[in-house]
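File shown: model.cif (mmCIF, C-alpha atoms).
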```
data_upload
#
loop_
_atom_site.label_atom_id
_atom_site.label_comp_id
_atom_site.auth_asym_id
_atom_site.auth_seq_id
_atom_site.Cartn_x
_atom_site.Cartn_y
_atom_site.Cartn_z
CA TYR J 213 -30.27 -75.49 -51.48
CA PRO J 214 -32.81 -78.31 -50.87
CA VAL J 215 -31.53 -81.88 -50.81
CA ASN J 216 -33.47 -84.91 -52.00
CA ALA J 217 -34.22 -86.60 -48.69
CA THR J 218 -35.13 -89.90 -50.38
CA ALA J 219 -31.95 -90.25 -52.42
CA SER J 220 -29.74 -93.28 -51.86
CA TRP J 221 -26.30 -91.84 -51.24
CA PRO J 222 -23.21 -94.00 -51.91
CA LEU J 223 -21.59 -95.63 -48.92
CA CYS J 224 -18.00 -94.96 -47.94
CA ALA J 225 -15.99 -98.11 -47.42
CA GLY J 226 -14.58 -98.60 -43.97
CA ARG J 227 -17.08 -96.49 -42.04
CA ASN J 228 -19.66 -97.76 -39.61
CA TYR J 229 -22.88 -95.74 -39.56
CA PRO J 230 -25.58 -95.72 -36.89
CA SER J 231 -27.76 -98.79 -37.18
CA TRP J 232 -30.89 -96.69 -36.77
CA ASN J 233 -30.09 -94.71 -39.90
CA PRO J 234 -28.51 -97.19 -42.40
CA GLY J 235 -30.00 -95.57 -45.50
CA TYR J 236 -28.15 -92.29 -45.07
CA PRO J 237 -24.39 -92.81 -44.75
CA TYR J 238 -23.84 -89.08 -44.24
CA GLY J 239 -26.83 -88.62 -41.98
CA ASN J 240 -30.37 -87.82 -43.03
CA PRO J 241 -30.19 -85.25 -45.88
CA ALA J 242 -33.24 -83.53 -44.40
CA HIS J 243 -31.00 -82.51 -41.52
CA TYR J 244 -29.15 -80.14 -43.85
CA THR J 245 -32.24 -78.62 -45.44
CA TYR J 246 -34.17 -75.69 -44.07
CA LYS J 247 -35.37 -72.33 -45.23
CA SER J 248 -32.88 -69.68 -44.26
CA ASP J 249 -34.27 -66.33 -43.18
CA TYR J 250 -32.82 -63.16 -44.63
CA VAL J 251 -30.18 -61.76 -42.31
CA LEU J 252 -31.69 -58.23 -42.40
CA ASP J 253 -35.26 -59.41 -41.78
CA ARG J 254 -35.77 -57.98 -38.29
CA ASN J 255 -37.69 -55.48 -36.17
CA VAL J 256 -35.73 -52.76 -34.35
CA ASN J 257 -37.06 -50.60 -31.49
CA GLU J 258 -35.09 -47.81 -29.83
CA VAL J 259 -35.72 -45.66 -26.75
CA LYS J 260 -33.55 -42.86 -25.38
CA LEU J 261 -33.85 -40.67 -22.28
CA ALA J 262 -31.38 -37.90 -21.41
CA LEU J 263 -31.08 -35.14 -18.83
CA SER J 264 -28.73 -32.17 -19.24
CA TYR J 265 -27.74 -29.54 -16.66
CA ILE J 266 -25.72 -26.33 -17.13
CA LEU J 267 -23.21 -25.46 -14.41
CA LYS J 268 -22.14 -21.82 -14.04
CA SER J 269 -22.58 -21.20 -17.77
CA LYS J 270 -19.26 -22.98 -18.42
CA TYR J 271 -20.06 -26.66 -18.09
CA VAL J 272 -22.77 -28.99 -19.35
CA VAL J 273 -23.43 -32.37 -17.74
CA SER J 274 -25.63 -34.96 -19.43
CA LEU J 275 -26.84 -38.29 -18.09
CA GLY J 276 -28.83 -40.74 -20.12
CA TRP J 277 -30.12 -44.21 -20.85
CA GLU J 278 -30.66 -45.93 -24.19
CA MET J 279 -32.31 -49.19 -25.12
CA GLU J 280 -32.20 -50.99 -28.45
CA ASN J 281 -34.19 -54.15 -29.08
CA ILE J 282 -33.64 -56.28 -32.19
CA ASN J 283 -36.10 -59.09 -32.88
CA ARG J 284 -35.09 -61.53 -35.60
CA SER J 285 -35.90 -65.04 -36.72
CA SER J 286 -33.11 -67.60 -36.45
CA LYS J 287 -32.45 -71.33 -36.38
CA GLN J 288 -30.18 -73.12 -33.95
CA MET J 289 -29.14 -76.76 -33.56
CA ASN J 290 -31.65 -78.77 -31.56
CA SER J 291 -30.45 -79.49 -28.03
CA GLN J 292 -31.31 -83.17 -28.46
CA ASN J 293 -28.56 -85.63 -29.43
CA PRO J 294 -28.93 -86.57 -33.13
CA LEU J 295 -28.01 -90.16 -32.22
CA ASP J 296 -31.21 -90.46 -30.21
CA PRO J 297 -33.70 -92.62 -32.22
CA ASN J 298 -36.41 -90.12 -31.27
CA PHE J 299 -34.52 -87.22 -32.79
CA PRO J 300 -36.93 -84.98 -34.75
CA ASP J 301 -37.05 -84.85 -38.54
CA SER J 302 -35.18 -81.57 -38.52
CA PRO J 303 -32.28 -80.90 -36.12
CA TYR J 304 -32.92 -77.18 -36.28
CA THR J 305 -35.45 -75.35 -34.14
CA GLU J 306 -36.82 -72.01 -35.25
CA SER J 307 -36.89 -69.25 -32.69
CA TYR J 308 -37.49 -65.53 -32.62
CA ASP J 309 -34.61 -64.14 -30.64
CA ASP J 310 -34.42 -60.76 -28.99
CA THR J 311 -31.10 -58.98 -28.70
CA THR J 312 -31.48 -56.14 -26.22
CA THR J 313 -28.78 -53.58 -25.48
CA ASN J 314 -29.14 -51.29 -22.47
CA SER J 315 -26.73 -48.37 -22.28
CA ILE J 316 -26.00 -45.67 -19.73
CA PHE J 317 -23.84 -42.66 -20.58
CA LEU J 318 -22.30 -39.56 -19.07
CA ASN J 319 -21.18 -36.51 -21.04
CA PHE J 320 -19.26 -33.63 -19.48
CA ASN J 321 -18.31 -30.65 -21.66
CA GLY J 322 -16.86 -27.37 -20.61
CA LYS J 323 -14.67 -24.35 -21.17
CA PRO J 324 -12.78 -23.64 -17.94
CA PHE J 325 -10.65 -20.95 -19.60
CA LYS J 326 -11.18 -18.70 -22.57
CA LYS J 327 -8.60 -20.56 -24.65
CA LEU J 328 -9.27 -24.12 -23.43
CA SER J 329 -12.26 -26.40 -23.94
CA PHE J 330 -12.79 -30.09 -23.28
CA ARG J 331 -15.27 -32.90 -23.93
CA PHE J 332 -15.43 -36.09 -21.85
CA SER J 333 -17.80 -39.03 -22.19
CA PHE J 334 -18.25 -42.45 -20.62
CA ARG J 335 -20.58 -45.16 -21.87
CA TYR J 336 -21.46 -48.67 -20.70
CA ASP J 337 -23.35 -51.09 -22.96
CA TYR J 338 -24.78 -54.40 -21.82
CA THR J 339 -26.16 -56.70 -24.50
CA ASP J 340 -28.46 -59.52 -23.49
CA ASP J 341 -28.35 -62.41 -25.96
CA PRO J 342 -26.06 -60.85 -28.61
CA PHE J 343 -25.76 -62.34 -32.10
CA GLU J 344 -24.18 -65.73 -31.41
CA PHE J 345 -23.77 -69.18 -32.93
CA GLU J 346 -24.21 -71.47 -29.94
CA ARG J 347 -22.45 -74.53 -31.42
CA ALA J 348 -19.74 -73.00 -33.54
CA LYS J 349 -16.52 -74.96 -32.94
CA TYR J 350 -14.52 -77.54 -30.96
CA PRO J 351 -16.58 -80.76 -30.98
CA VAL J 352 -15.90 -83.01 -28.00
CA GLY J 353 -16.77 -86.67 -27.56
CA ALA J 354 -17.98 -87.44 -31.08
CA SER J 355 -16.92 -90.60 -32.85
CA VAL J 356 -14.70 -90.31 -35.90
CA ASN J 357 -17.44 -92.09 -37.85
CA ALA J 358 -20.10 -89.60 -36.81
CA THR J 359 -22.26 -87.81 -39.36
CA TYR J 360 -22.25 -84.06 -39.83
CA ASP J 361 -25.21 -83.34 -37.56
CA VAL J 362 -23.54 -85.30 -34.74
CA TRP J 363 -20.38 -83.21 -35.12
CA GLN J 364 -22.55 -80.10 -35.03
CA TYR J 365 -24.22 -81.21 -31.82
CA ALA J 366 -20.87 -82.10 -30.22
CA ARG J 367 -19.41 -78.61 -30.68
CA THR J 368 -18.92 -76.91 -27.33
CA ILE J 369 -17.71 -73.34 -27.97
CA THR J 370 -19.97 -70.44 -28.88
CA GLY J 371 -18.91 -68.13 -31.68
CA SER J 372 -19.70 -64.41 -31.74
CA ALA J 373 -18.08 -61.15 -32.79
CA ASP J 374 -20.44 -59.02 -30.66
CA PRO J 375 -19.61 -58.09 -27.04
CA GLU J 376 -21.83 -58.63 -24.04
CA ASN J 377 -20.16 -55.85 -22.05
CA SER J 378 -18.55 -52.73 -23.46
CA TYR J 379 -16.97 -49.84 -21.52
CA THR J 380 -15.86 -46.79 -23.50
CA ALA J 381 -14.28 -43.52 -22.33
CA LYS J 382 -13.42 -40.57 -24.61
CA LEU J 383 -11.60 -37.30 -24.00
CA SER J 384 -10.80 -34.40 -26.31
CA LEU J 385 -9.09 -31.05 -25.66
CA ASP J 386 -8.84 -27.90 -27.78
CA PHE J 387 -6.34 -25.19 -26.90
CA THR J 388 -6.00 -21.87 -28.74
CA PRO J 389 -2.87 -20.09 -27.43
CA THR J 390 -3.05 -17.44 -30.19
CA LYS J 391 -5.73 -16.41 -32.64
CA ASN J 392 -4.03 -18.22 -35.54
CA LEU J 393 -2.98 -21.45 -33.75
CA ILE J 394 -5.18 -24.35 -32.60
CA LEU J 395 -3.84 -27.39 -30.74
CA GLY J 396 -5.99 -30.46 -30.28
CA PHE J 397 -5.81 -33.77 -28.44
CA ASN J 398 -8.14 -36.78 -28.47
CA GLY J 399 -8.09 -40.11 -26.67
CA ARG J 400 -10.33 -43.17 -26.51
CA TYR J 401 -10.26 -46.40 -24.51
CA SER J 402 -12.67 -49.31 -24.87
CA ASP J 403 -12.84 -52.62 -23.02
CA GLN J 404 -15.11 -55.33 -24.47
CA ASP J 405 -15.83 -58.95 -23.57
CA ASN J 406 -18.11 -61.85 -24.37
CA ASP J 407 -18.20 -64.55 -21.69
CA ASP J 408 -20.16 -67.01 -23.84
CA ALA J 409 -17.58 -66.87 -26.64
CA ASP J 410 -14.72 -66.44 -24.13
CA TRP J 411 -12.98 -63.44 -25.71
CA ASP J 412 -11.73 -60.04 -24.51
CA LYS J 413 -10.72 -56.99 -26.48
CA ASP J 414 -9.01 -53.72 -25.49
CA ILE J 415 -8.89 -50.75 -27.87
CA LEU J 416 -6.68 -47.74 -27.16
CA SER J 417 -6.33 -44.76 -29.48
CA PHE J 418 -5.06 -41.22 -29.10
CA GLY J 419 -3.90 -38.40 -31.32
CA ALA J 420 -2.80 -34.80 -31.56
CA ASN J 421 -3.23 -32.19 -34.25
CA LEU J 422 -2.07 -28.66 -35.00
CA ILE J 423 -3.71 -26.05 -37.25
CA PHE J 424 -1.73 -22.92 -38.03
CA GLN J 425 -3.02 -20.02 -40.10
CA LEU J 426 0.04 -18.29 -41.48
CA THR J 427 -1.99 -15.66 -43.33
CA GLU J 428 -5.66 -15.12 -44.09
CA LYS J 429 -5.21 -17.23 -47.24
CA LEU J 430 -2.71 -19.89 -46.16
CA THR J 431 -3.33 -22.59 -43.51
CA PHE J 432 -1.18 -25.56 -42.48
CA ASN J 433 -2.13 -28.67 -40.50
CA LEU J 434 -0.12 -31.45 -38.87
CA GLY J 435 -1.37 -34.52 -37.01
CA TYR J 436 -0.55 -37.87 -35.45
CA GLU J 437 -2.82 -40.80 -34.56
CA TYR J 438 -2.09 -44.07 -32.73
CA GLN J 439 -4.30 -47.14 -32.30
CA ASN J 440 -3.74 -50.43 -30.49
CA ILE J 441 -6.19 -53.37 -30.58
CA ASN J 442 -5.46 -56.32 -28.31
CA THR J 443 -7.67 -59.42 -28.51
CA GLU J 444 -7.59 -62.68 -26.54
CA THR J 445 -9.75 -65.46 -27.93
CA PRO J 446 -9.91 -69.27 -28.14
CA ALA J 447 -8.26 -70.78 -31.20
CA VAL J 448 -9.34 -74.23 -32.38
CA VAL J 449 -6.96 -75.96 -34.78
CA PRO J 450 -8.15 -79.20 -36.47
CA ILE J 451 -5.55 -81.81 -37.31
CA PHE J 452 -6.54 -83.91 -40.35
CA ASP J 453 -5.29 -87.44 -40.97
CA GLY J 454 -7.69 -88.84 -43.54
CA TRP J 455 -10.76 -87.86 -41.54
CA ALA J 456 -12.22 -84.64 -40.18
CA GLY J 457 -13.13 -83.27 -36.78
CA CYS J 458 -11.80 -83.02 -33.23
CA VAL J 459 -11.42 -86.18 -31.13
CA THR J 460 -8.60 -87.73 -29.15
CA LYS J 461 -5.54 -88.28 -31.31
CA THR J 462 -4.45 -91.90 -31.68
CA PRO J 463 -0.94 -92.10 -33.23
CA GLY J 464 -1.05 -94.32 -36.29
CA GLY J 465 -4.72 -95.10 -35.76
CA GLY J 466 -6.11 -93.14 -38.66
CA THR J 467 -8.30 -90.99 -36.44
CA VAL J 468 -8.22 -87.25 -35.99
CA GLY J 469 -7.34 -84.74 -33.34
CA CYS J 470 -7.56 -81.09 -32.52
CA SER J 471 -6.09 -78.55 -30.17
CA LYS J 472 -7.71 -75.65 -28.38
CA ASP J 473 -5.66 -72.79 -26.99
CA ARG J 474 -6.23 -69.20 -25.92
CA VAL J 475 -4.24 -66.92 -28.17
CA GLU J 476 -3.51 -63.19 -28.23
CA ASP J 477 -3.58 -60.93 -31.26
CA ASP J 478 -2.06 -57.44 -31.07
CA ILE J 479 -2.40 -54.73 -33.75
CA GLU J 480 -0.64 -51.35 -33.75
CA VAL J 481 -1.21 -48.53 -36.22
CA HIS J 482 0.66 -45.21 -36.48
CA VAL J 483 -0.56 -42.41 -38.77
CA VAL J 484 1.22 -39.10 -39.50
CA ASN J 485 -0.37 -36.51 -41.75
CA ALA J 486 0.41 -32.99 -42.94
CA GLY J 487 -1.34 -30.63 -45.34
CA PHE J 488 -2.01 -27.09 -46.48
CA ASN J 489 -4.84 -25.02 -47.94
CA PHE J 490 -4.17 -21.86 -49.96
CA ALA J 491 -6.87 -19.49 -51.24
CA VAL J 492 -5.20 -18.09 -54.37
CA THR J 493 -8.20 -15.96 -55.34
CA LYS J 494 -11.84 -15.71 -54.30
CA ARG J 495 -12.65 -18.45 -56.81
CA LEU J 496 -9.53 -20.64 -56.77
CA THR J 497 -8.18 -22.67 -53.83
CA ILE J 498 -5.33 -25.18 -54.01
CA PHE J 499 -4.62 -27.85 -51.42
CA GLY J 500 -2.27 -30.72 -50.68
CA ASP J 501 -1.70 -33.37 -48.06
CA ALA J 502 0.64 -36.23 -47.24
CA TYR J 503 0.07 -39.36 -45.11
CA TYR J 504 2.34 -42.01 -43.67
CA VAL J 505 0.83 -45.17 -42.12
CA HIS J 506 2.78 -47.90 -40.33
CA SER J 507 0.88 -51.00 -39.18
CA GLU J 508 2.00 -54.16 -37.38
CA GLU J 509 0.18 -57.29 -36.19
CA ASP J 510 1.57 -59.89 -33.79
CA TYR J 511 -0.27 -63.20 -33.40
CA ASP J 512 0.45 -65.96 -30.87
CA ARG J 513 1.15 -69.46 -32.09
CA PRO J 514 -1.51 -71.89 -30.74
CA TYR J 515 -0.02 -74.48 -28.41
CA LEU J 516 -0.42 -77.93 -29.99
CA GLY J 517 1.41 -79.99 -27.40
CA SER J 518 -1.50 -82.41 -27.00
CA ILE J 519 -1.24 -83.56 -30.63
CA ASP J 520 1.15 -86.22 -31.88
CA ALA J 521 3.85 -84.17 -33.60
CA SER J 522 4.68 -86.93 -36.10
CA ASP J 523 1.28 -86.57 -37.78
CA ASN J 524 0.82 -82.88 -37.12
CA PRO J 525 1.09 -80.75 -40.29
CA TRP J 526 1.04 -77.59 -38.19
CA SER J 527 4.36 -78.55 -36.60
CA GLU J 528 6.14 -78.01 -39.91
CA PHE J 529 5.73 -74.24 -39.84
CA ASP J 530 4.83 -71.47 -37.45
CA VAL J 531 1.19 -70.59 -38.09
CA SER J 532 1.70 -67.29 -36.28
CA ASP J 533 3.97 -66.13 -39.14
CA TYR J 534 0.90 -65.88 -41.34
CA SER J 535 -0.48 -63.13 -39.13
CA ASP J 536 2.74 -61.38 -38.12
CA LEU J 537 2.05 -58.60 -40.57
CA GLU J 538 3.85 -55.30 -41.16
CA PHE J 539 3.32 -52.73 -43.87
CA ASP J 540 3.96 -49.07 -44.67
CA GLU J 541 1.86 -46.76 -46.79
CA TYR J 542 2.94 -43.42 -48.22
CA ARG J 543 0.34 -41.20 -49.85
CA ILE J 544 0.62 -37.75 -51.40
CA SER J 545 -2.24 -35.85 -52.99
CA GLY J 546 -2.96 -32.38 -54.29
CA GLY J 547 -5.59 -30.52 -56.23
CA PHE J 548 -7.75 -27.46 -56.53
CA ASN J 549 -11.30 -26.18 -56.02
CA TYR J 550 -12.72 -23.61 -58.43
CA ASN J 551 -16.00 -21.75 -57.90
CA LEU J 552 -17.68 -21.38 -61.28
CA LYS J 553 -20.59 -19.66 -59.56
CA GLU J 554 -21.58 -18.84 -56.01
CA ASN J 555 -23.34 -22.21 -55.67
CA LEU J 556 -21.32 -24.28 -58.17
CA THR J 557 -17.82 -25.68 -57.47
CA VAL J 558 -15.59 -28.14 -59.33
CA GLN J 559 -12.73 -30.10 -57.78
CA VAL J 560 -9.82 -32.01 -59.31
CA LYS J 561 -7.53 -34.13 -57.15
CA ALA J 562 -4.53 -36.34 -57.98
CA THR J 563 -3.11 -38.96 -55.57
CA TYR J 564 0.00 -41.12 -55.52
CA ALA J 565 0.20 -44.01 -53.02
CA ASP J 566 2.98 -46.50 -52.32
CA PHE J 567 2.33 -49.74 -50.35
CA ASP J 568 5.32 -51.58 -48.92
CA GLU J 569 4.85 -54.88 -47.04
CA ASP J 570 7.80 -55.92 -44.90
CA GLU J 571 5.93 -58.96 -43.55
CA TYR J 572 3.01 -60.25 -45.57
CA TYR J 573 0.33 -62.93 -45.37
CA MET J 574 0.58 -65.22 -48.40
CA GLN J 575 2.41 -63.16 -51.00
CA ASP J 576 4.18 -59.83 -51.30
CA ARG J 577 1.69 -57.16 -52.36
CA ASP J 578 3.96 -54.12 -52.78
CA ALA J 579 2.31 -51.69 -55.15
CA ASP J 580 2.29 -48.14 -56.49
CA VAL J 581 -1.03 -46.49 -57.26
CA VAL J 582 -1.82 -43.26 -59.12
CA TYR J 583 -5.36 -42.02 -59.55
CA VAL J 584 -7.15 -38.77 -60.40
CA THR J 585 -10.64 -37.81 -59.30
CA ALA J 586 -12.90 -35.00 -60.46
CA GLY J 587 -16.22 -33.84 -59.05
CA MET J 588 -18.77 -31.10 -58.99
CA LYS J 589 -20.71 -29.63 -56.06
CA TRP J 590 -23.97 -27.75 -56.59
CA ASN J 591 -25.79 -26.08 -53.70
CA PHE J 592 -29.50 -25.62 -54.37
#
```

With the file now loaded, output its structure as structure tokens.
Amino acid sequence: YPVNATASWPLCAGRNYPSWNPGYPYGNPAHYTYKSDYVLDRNVNEVKLALSYILKSKYVVSLGWEMENINRSSKQMNSQNPLDPNFPDSPYTESYDDTTTNSIFLNFNGKPFKKLSFRFSFRYDYTDDPFEFERAKYPVGASVNATYDVWQYARTITGSADPENSYTAKLSLDFTPTKNLILGFNGRYSDQDNDDADWDKDILSFGANLIFQLTEKLTFNLGYEYQNINTETPAVVPIFDGWAGCVTKTPGGGTVGCSKDRVEDDIEVHVVNAGFNFAVTKRLTIFGDAYYVHSEEDYDRPYLGSIDASDNPWSEFDVSDYSDLEFDEYRISGGFNYNLKENLTVQVKATYADFDEDEYYMQDRDADVVYVTAGMKWNF
């Protein structure tokens, strides 16, 4: 929202403000005012080239390249120090940034035996100038009496959730030992990093499934999935003592401090599912399934050794406990499909779910849920 740049804002007792800007104790209000562009206002261009080759009628190899360019308007903090008397009226500079992702990929599919098929793929993505906030956190060297725009300028760590480099490999296998049994396996590994924001992420997932057709009308399925996400990233923890920000801690001096540490976050998820499908008649089919999900998260405690423990509120509890999460979910559902006509089907499904949190964030959220859904499908 716009701010009245000519307003006389009340002074705060005990603070010394820059002599060149005495009329604005919190900095020039114009420094906080600018027209924000809509986040989805952008131009996107995509190009893809691929070459496929068939080997001995059993294998297909594909090589390719993709490019995606996103052009968007943005505003970033001016690179000039706000304490400079020649600082411009607005600390933000408007720019039209281009985020370009170049990707190369390899796909290899085949059926070496009559009962075995596989699919393998590898992909590398490089993103030039991903979506980033260049001055996101950890101000260094700013005075405790500094105004907001000075703190903004003093921040030294870039923030971003988008990777610069991403390597992804996938593999899936399908094996049919008999005509009524299908065994499947899938695996995926991804390594991502962003050097500007100083984070790394590894994602590993794999699973197996079984489909067994007992009769022409009755089919069973059973599956298991596992996922692990490991992230290493800087953590900046501000320590407040009547002020705000990150400067050198002075015990008893009424200033502020902060700590920066590289922490690790690890998430594990296990999923087991089973189900059946039974065609009672040509019109009526009943089905049911059950799921069990177990999830855990382990978060490192940031090291705060550089902060005076006597004035450190974080020393009174382990912040990592707030992210050491663990919960179980049990879900059972069943229902039926009924064909009123050849192109008209109705479905009714009932589900019961139970959520059990062994370790929770702020409060225990154990819950039981029952819900029923009904729908209709019409093929034109």

Mind pulling up the distance from atom CA of Tyr542 of chain J to atom CA of Ala579 of chain J? 10.8 Å

Interatomic distance between atom CA of Thr443 of chain J and atom CA of Glu480 of chain J?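 The value is 11.9 Å.
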
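Taking atom CA of Ser384 of chain J and atom CA of Ser329 of chain J as endpoints, the distance between them is 8.5 Å.
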
Do you know which residues are at most 10 Å from Ser264 of chain J counting only C-alpha atoms, after dropping those on the same chain fewer than 3 positions away, and could you put them as an NGL selection string? :J and (267 or 272-276 or 318-320)

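With only C-alpha atoms as the atoms that count, the minimum distance from Asn551 of chain J to the choices J:Ala491, J:Leu393, J:Val581, J:Val505 is reached by J:Ala491.
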
Let me make sure I understand: among J:Leu496, J:Leu416, J:Leu426, J:Leu263, which one has the smallest atom-to-atom distance to Asp478 of chain J if we use all atoms listed in the file? J:Leu416
